[in-house]
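Trainee: If you scroll down you'll find the structure; I have some questions about it.
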Amino acid sequence: VQLQASGGGSVQAGGSLTLSCTSSESILRWTNMGWYRQVPGNQREMVATVSNDGKIVYAEPVKGRFIISRDNAVRTVSLQMNSLKPEDTAVYYCWAFDFGTLYTHWGQGTQVTVSS
């Protein structure tokens, strides 16, 4: 299975970007999907996740600014990022987890750069 991430880019502080992660196969197998981000020299950190039954978790720094959504019909998880800040600059990775097999899968990263 492949997770194809898109939508990264450069934006000024206060702007918006929407990331999309499209799977090559049905995403129904994934108990949980979402986005992580990583800045060079730092650990990868969770940004937002959404479960198969719609439970959503946001990291504190993005609460109220980011919106995650999941559309099983088009095999896509999206992350709408609003009111972006320079500290949101990172490589964003799509993530999927299958609770039944304890298998974790990562998509390729997409760069998000927010300038002040």
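As shown in the structure tokens, the chain order sets the letters A, B, ...; within each chain, residues go from 1, and ligands are also counted from 1 in the order they appear.
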Can you tell me which residues surround range 46-63 of chain A at a distance of at most 8 Å, considering only C-alpha atoms, apart from same-chain residues fewer than 3 positions away, and format the answer as a list in words?

Mentor: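 Close residues of range 46-63 of chain A: Leu28, Trp30, Thr31, Asn32, Met33, Gly34, Trp35, Tyr36, Arg37, Phe66, Ile68, Ser69 and Arg70 of chain A.
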
Trainee: Can you list, as a PyMOL selection string, all residues belonging to chain A that DSSP tags as helix (DSSP H, G or I)?

Mentor: chain A and resi 60-62+72-74+86-88

Trainee: Keeping only N, CA and C atoms, take the residues you just selected and write them out as an mmCIF file, in the first residue's frame.

Mentor:
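Okay, this is what ended up in part_30.cif:
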data_model
loop_
_atom_site.group_PDB
_atom_site.id
_atom_site.type_symbol
_atom_site.label_atom_id
_atom_site.label_comp_id
_atom_site.auth_asym_id
_atom_site.auth_seq_id
_atom_site.Cartn_x
_atom_site.Cartn_y
_atom_site.Cartn_z
ATOM 1 N N GLU A 60 -1.824 19.801 21.177
ATOM 2 C CA GLU A 60 -2.185 21.094 21.763
ATOM 3 C C GLU A 60 -1.801 22.292 20.893
ATOM 4 N N PRO A 61 -0.612 22.311 20.308
ATOM 5 C CA PRO A 61 -0.218 23.508 19.539
ATOM 6 C C PRO A 61 -1.092 23.814 18.321
ATOM 7 N N VAL A 62 -1.860 22.824 17.858
ATOM 8 C CA VAL A 62 -2.636 23.043 16.637
ATOM 9 C C VAL A 62 -4.141 23.094 16.895
ATOM 10 N N ASN A 72 -13.397 7.827 3.646
ATOM 11 C CA ASN A 72 -13.097 6.452 3.251
ATOM 12 C C ASN A 72 -13.432 6.187 1.785
ATOM 13 N N ALA A 73 -14.436 6.858 1.271
ATOM 14 C CA ALA A 73 -14.868 6.618 -0.110
ATOM 15 C C ALA A 73 -13.783 6.963 -1.124
ATOM 16 N N VAL A 74 -13.018 8.027 -0.832
ATOM 17 C CA VAL A 74 -11.957 8.435 -1.768
ATOM 18 C C VAL A 74 -10.581 8.135 -1.195
ATOM 19 N N PRO A 86 5.078 30.365 12.048
ATOM 20 C CA PRO A 86 6.422 29.896 11.661
ATOM 21 C C PRO A 86 6.808 28.592 12.364
ATOM 22 N N GLU A 87 6.330 28.404 13.575
ATOM 23 C CA GLU A 87 6.677 27.164 14.295
ATOM 24 C C GLU A 87 5.955 25.932 13.749
ATOM 25 N N ASP A 88 5.056 26.124 12.795
ATOM 26 C CA ASP A 88 4.435 24.986 12.119
ATOM 27 C C ASP A 88 5.311 24.453 10.991
#

Trainee: Go through A:Leu19, A:Gly14, A:Asn82, A:Val77 and flag the residue nearest Gln111 in chain A, using only C-alpha atoms for the distances.

Mentor: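 Residue with the minimum atom-to-atom distance to Gln111 in chain A: A:Leu19.
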
Trainee: Using only C-alpha atoms for the distances, tell me which of A:Ala13, A:Ile27, A:Leu102, A:Leu3 is nearest to Asp71 in chain A.

Mentor: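 Distance minimum relative to Asp71 in chain A lands on A:Ile27.
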